[in-house]
Each structure stands twice: as C-alpha cells, then as structure tokens.
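Here the structure comes first, spelled out in structure tokens, and everything after it is commentary.
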Amino acid sequence: MATDNDIIGYTIGYDQEDIHFPIYAMTAFAVLLVLGGVLKGMPLLAVIAILPAAVTYYNLPLIESGRPRIGSGQYGLFIEGLGLVSWRAVDSIETIELVERGGTTHDLIINLKKPVSEALLADWRSRPLLRRPMRLPWRLESKTEIRIPLDILDKPASEIKDTFVRMWRYNRGR
C-alpha cells in the first residue's frame with residue numbers, strides 16, 4: 001500500500017520562516033510554569049502548564065521540515081492525514097480570500113463529485129495514536145468539500161491553486 005512517503009510530483013510543506021518562534025515561546029512558557037510550580041511548591045502552576053504544552057503539541061507539525069503536507073501527482077491530490085484523492089473525483093478547485101481581524105487569509109476549496117471516502121484512492125485517515133491530536137493541513141466542510149488553509153504553506157496561494165488546476169485538467173481524463 002502506498003504511503004505519504006511514496007508521493008512523487010508537486011509537493012508543498014509548511015512555511016518555515018515565521019512559525020518557529022510562537023511554538024518555541026509556548027514551549028518555554030510551559031516549562032517555566034512547571035519549574036515555577038515545582039520550585040515554589042505550587043502544583044497548580046504545573047497543572048496550568050498543561051494548556052501551553054497542549055498547544056505546543058498540537059502545532060508540532062508546523063516545525064517539522066522536509067515533509068510534504070499537500071501535493072499532486074498523476075493519480076490525484078495528496079493531502080496529509082487524509083489520503084490520495086482521485087482526479088476523477090474532483091469537481092472543482094478554487095481559492096477564497098477571507099478577511100479576518102484586519103488581515104487576509106486564503107483557503108483552497110476542493111469540491112468533490114462524491115463523498116470523501118469514495119473519492120480516496122489511498123486512505124490515510126488512520127494515524128498513529130501519538131499523532132492524532134496534532135494539526136492537520138485540511139478540514140472537511142461537508143462530505144464533498146475539503147478546505148485547506150494556504151497561508152501557512154511554503155508556496156504562494158495563487159501558485160498552489162494554478163498548479164493544482166493545471167494538473168487536474170491534464171490528468172482527470174486518464
């Protein structure tokens with residue numbers, strides 16, 4: 001069975017420039033709370049440290065470098081933690097621009113002709129127990145719509161969309 005390590009084609013990982021500092025800051029904050037709780041004899045501080053530690057653990061994939069998160073090849077779209085979506089199952093690929101708190105974000109919307117479970121050529125939704133609470137680069141809006149936030153990825157939103165659309169048009173008839 002194919003795994004995410006077997007993907008050949010256009011791959012995209014998380015952007016590594018601005019992501020490290022907040023994760024390291026949350027880690028330091030959790031460690032300081034635990035140390036403060038132990039040194040001051042206040043177990044409540046150590047218990048409170050669970051929250052920043054959980055945030056750090058959830059966001060750990062953002063600092064893993066060299067690992068593709070989404071991509072495309074001749075058979076379909078690869079999405080980490082979801083699987084390989086067949087080109088024939090894709091109905092449309094578009095981006096939307098969202099204005100949030102004074103900034104804009106871009107999301108890739110992949111509409112499918114059939115439910116996700118039927119559109120997958122390879123299903124990678126079952127993950128190891130330790131990786132289950134970690135961040136995924138996608139979310140399901142409905143049974144036939146996949147939404148991928150593009151601003152945390154290492155390529156511009158327009159390039160990702162244009163490449164996926166070009167590959168979809170070329171490969172969907174195969």
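Please note that chains go A, B, ... in the order of the structure tokens, that every chain numbers its residues from 1, and that ligands are numbered from 1 in the order shown.
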Assign secondary structure with DSSP using the backbone only, and return the residues of region 43-139 of chain A in strand (DSSP E or B) as a ChimeraX atom specification.
-> /A:70-72,76-79,83-86,90-100,103-112,120-123,139
Store the residues picked out above, limited to N, CA and C atoms, as an mmCIF file, in the first residue's frame.
```cif
data_model
loop_
_atom_site.group_PDB
_atom_site.id
_atom_site.type_symbol
_atom_site.label_atom_id
_atom_site.label_comp_id
_atom_site.auth_asym_id
_atom_site.auth_seq_id
_atom_site.Cartn_x
_atom_site.Cartn_y
_atom_site.Cartn_z
ATOM 1 N N ILE A 70 0.769 18.716 1.485
ATOM 2 C CA ILE A 70 -0.175 18.510 0.389
ATOM 3 C C ILE A 70 0.633 18.434 -0.893
ATOM 4 N N GLY A 71 0.023 17.938 -1.934
ATOM 5 C CA GLY A 71 0.713 17.853 -3.214
ATOM 6 C C GLY A 71 -0.173 17.218 -4.261
ATOM 7 N N SER A 72 0.384 17.066 -5.428
ATOM 8 C CA SER A 72 -0.368 16.444 -6.514
ATOM 9 C C SER A 72 0.578 15.683 -7.415
ATOM 10 N N GLY A 76 -3.653 11.946 -8.453
ATOM 11 C CA GLY A 76 -4.574 12.793 -7.722
ATOM 12 C C GLY A 76 -3.882 13.715 -6.744
ATOM 13 N N LEU A 77 -4.668 14.244 -5.823
ATOM 14 C CA LEU A 77 -4.197 15.161 -4.795
ATOM 15 C C LEU A 77 -3.813 14.390 -3.538
ATOM 16 N N PHE A 78 -2.615 14.623 -3.064
ATOM 17 C CA PHE A 78 -2.153 14.048 -1.809
ATOM 18 C C PHE A 78 -2.433 15.073 -0.716
ATOM 19 N N ILE A 79 -3.082 14.641 0.358
ATOM 20 C CA ILE A 79 -3.330 15.506 1.500
ATOM 21 C C ILE A 79 -2.960 14.713 2.747
ATOM 22 N N GLY A 83 -5.370 11.370 2.582
ATOM 23 C CA GLY A 83 -5.070 10.342 1.598
ATOM 24 C C GLY A 83 -4.841 10.917 0.223
ATOM 25 N N LEU A 84 -5.021 10.069 -0.772
ATOM 26 C CA LEU A 84 -4.827 10.435 -2.165
ATOM 27 C C LEU A 84 -6.205 10.517 -2.824
ATOM 28 N N VAL A 85 -6.610 11.740 -3.175
ATOM 29 C CA VAL A 85 -7.918 11.991 -3.776
ATOM 30 C C VAL A 85 -7.787 11.876 -5.289
ATOM 31 N N SER A 86 -8.585 11.027 -5.886
ATOM 32 C CA SER A 86 -8.553 10.791 -7.328
ATOM 33 C C SER A 86 -8.903 12.061 -8.104
ATOM 34 N N VAL A 90 -12.611 14.884 -8.378
ATOM 35 C CA VAL A 90 -12.595 16.327 -8.122
ATOM 36 C C VAL A 90 -13.566 17.025 -9.070
ATOM 37 N N ASP A 91 -14.452 17.839 -8.496
ATOM 38 C CA ASP A 91 -15.428 18.586 -9.284
ATOM 39 C C ASP A 91 -14.919 19.990 -9.597
ATOM 40 N N SER A 92 -14.276 20.641 -8.626
ATOM 41 C CA SER A 92 -13.712 21.974 -8.850
ATOM 42 C C SER A 92 -12.636 22.258 -7.813
ATOM 43 N N ILE A 93 -11.735 23.173 -8.192
ATOM 44 C CA ILE A 93 -10.677 23.633 -7.294
ATOM 45 C C ILE A 93 -10.686 25.155 -7.366
ATOM 46 N N GLU A 94 -10.865 25.785 -6.224
ATOM 47 C CA GLU A 94 -10.905 27.244 -6.206
ATOM 48 C C GLU A 94 -10.311 27.758 -4.905
ATOM 49 N N THR A 95 -9.976 29.036 -4.895
ATOM 50 C CA THR A 95 -9.485 29.663 -3.672
ATOM 51 C C THR A 95 -10.469 30.747 -3.257
ATOM 52 N N ILE A 96 -10.542 30.957 -1.952
ATOM 53 C CA ILE A 96 -11.321 32.075 -1.441
ATOM 54 C C ILE A 96 -10.420 32.908 -0.548
ATOM 55 N N GLU A 97 -10.693 34.189 -0.536
ATOM 56 C CA GLU A 97 -9.939 35.118 0.294
ATOM 57 C C GLU A 97 -10.840 35.540 1.447
ATOM 58 N N LEU A 98 -10.369 35.348 2.667
ATOM 59 C CA LEU A 98 -11.136 35.682 3.862
ATOM 60 C C LEU A 98 -10.461 36.841 4.582
ATOM 61 N N VAL A 99 -11.250 37.807 5.001
ATOM 62 C CA VAL A 99 -10.724 38.925 5.777
ATOM 63 C C VAL A 99 -11.053 38.654 7.237
ATOM 64 N N GLU A 100 -9.998 38.490 8.038
ATOM 65 C CA GLU A 100 -10.154 38.186 9.458
ATOM 66 C C GLU A 100 -9.260 39.092 10.277
ATOM 67 N N GLY A 103 -6.613 41.203 8.607
ATOM 68 C CA GLY A 103 -5.701 40.521 7.684
ATOM 69 C C GLY A 103 -6.480 39.628 6.737
ATOM 70 N N THR A 104 -5.835 39.240 5.661
ATOM 71 C CA THR A 104 -6.496 38.346 4.710
ATOM 72 C C THR A 104 -5.818 36.983 4.738
ATOM 73 N N THR A 105 -6.626 35.963 4.611
ATOM 74 C CA THR A 105 -6.124 34.596 4.506
ATOM 75 C C THR A 105 -6.728 33.963 3.265
ATOM 76 N N HIS A 106 -6.058 32.958 2.759
ATOM 77 C CA HIS A 106 -6.523 32.263 1.568
ATOM 78 C C HIS A 106 -6.745 30.794 1.895
ATOM 79 N N ASP A 107 -7.865 30.279 1.431
ATOM 80 C CA ASP A 107 -8.185 28.862 1.593
ATOM 81 C C ASP A 107 -8.402 28.237 0.229
ATOM 82 N N LEU A 108 -7.903 27.027 0.064
ATOM 83 C CA LEU A 108 -8.149 26.253 -1.140
ATOM 84 C C LEU A 108 -9.374 25.388 -0.886
ATOM 85 N N ILE A 109 -10.350 25.478 -1.783
ATOM 86 C CA ILE A 109 -11.573 24.692 -1.660
ATOM 87 C C ILE A 109 -11.560 23.634 -2.761
ATOM 88 N N ILE A 110 -11.615 22.375 -2.347
ATOM 89 C CA ILE A 110 -11.674 21.261 -3.298
ATOM 90 C C ILE A 110 -13.051 20.632 -3.164
ATOM 91 N N ASN A 111 -13.859 20.805 -4.193
ATOM 92 C CA ASN A 111 -15.196 20.209 -4.225
ATOM 93 C C ASN A 111 -15.117 18.877 -4.949
ATOM 94 N N LEU A 112 -15.749 17.868 -4.369
ATOM 95 C CA LEU A 112 -15.708 16.516 -4.922
ATOM 96 C C LEU A 112 -17.060 16.144 -5.518
ATOM 97 N N LEU A 120 -11.266 8.662 -2.331
ATOM 98 C CA LEU A 120 -9.873 8.370 -1.980
ATOM 99 C C LEU A 120 -9.359 7.121 -2.693
ATOM 100 N N LEU A 121 -8.205 7.262 -3.334
ATOM 101 C CA LEU A 121 -7.505 6.108 -3.901
ATOM 102 C C LEU A 121 -6.707 5.397 -2.813
ATOM 103 N N ALA A 122 -6.168 6.181 -1.888
ATOM 104 C CA ALA A 122 -5.445 5.651 -0.730
ATOM 105 C C ALA A 122 -5.951 6.415 0.493
ATOM 106 N N ASP A 123 -6.405 5.706 1.486
ATOM 107 C CA ASP A 123 -6.982 6.309 2.680
ATOM 108 C C ASP A 123 -5.938 6.302 3.797
ATOM 109 N N ARG A 139 -9.443 20.502 6.522
ATOM 110 C CA ARG A 139 -10.643 20.195 7.294
ATOM 111 C C ARG A 139 -11.787 19.944 6.316
#
```
Which residues of region 52-121 of chain A have any atom within 7 Å of an atom in region 27-44 of chain A when counting only C-alpha atoms, and what is the closest pair of atoms for each, with the distance in Å to one decimal? Order the rows by chain and rising number and write it as JSON lines.
```
{"residue": "A:Pro52", "atom": "CA", "partner": "A:Ala30", "partner_atom": "CA", "distance": 5.4}
{"residue": "A:Ala53", "atom": "CA", "partner": "A:Ala30", "partner_atom": "CA", "distance": 5.5}
{"residue": "A:Thr56", "atom": "CA", "partner": "A:Thr27", "partner_atom": "CA", "distance": 6.1}
```
Residues as selected, C-alpha atoms, written as a CSV table (one decimal), in the first residue's frame, can you do that?
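Result saved to part_13.csv:
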```csv
chain,number,residue,atom,x,y,z
A,52,PRO,CA,0.5,25.7,26.7
A,53,ALA,CA,2.1,22.2,26.4
A,56,THR,CA,2.7,23.2,21.5
```
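The closest residue to Leu82 (chain A), picked from A:Arg169, A:Lys155, A:Arg147, A:Arg125 and counting only C-alpha atoms, is A:Arg125.
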Among the residues A:Ile12, A:Ala49, A:Val116, A:Pro133, the one that comes closest to Ala157 (chain A) [using only C-alpha atoms] =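 Closest to Ala157 (chain A), using only C-alpha atoms: A:Ile12.
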Please run DSSP on the backbone and report, as a VMD selection string, all residues within chain A that come out as alpha helix (DSSP H).
-> chain A and resid 20 to 40 43 to 48 50 to 58 116 to 119 157 to 171
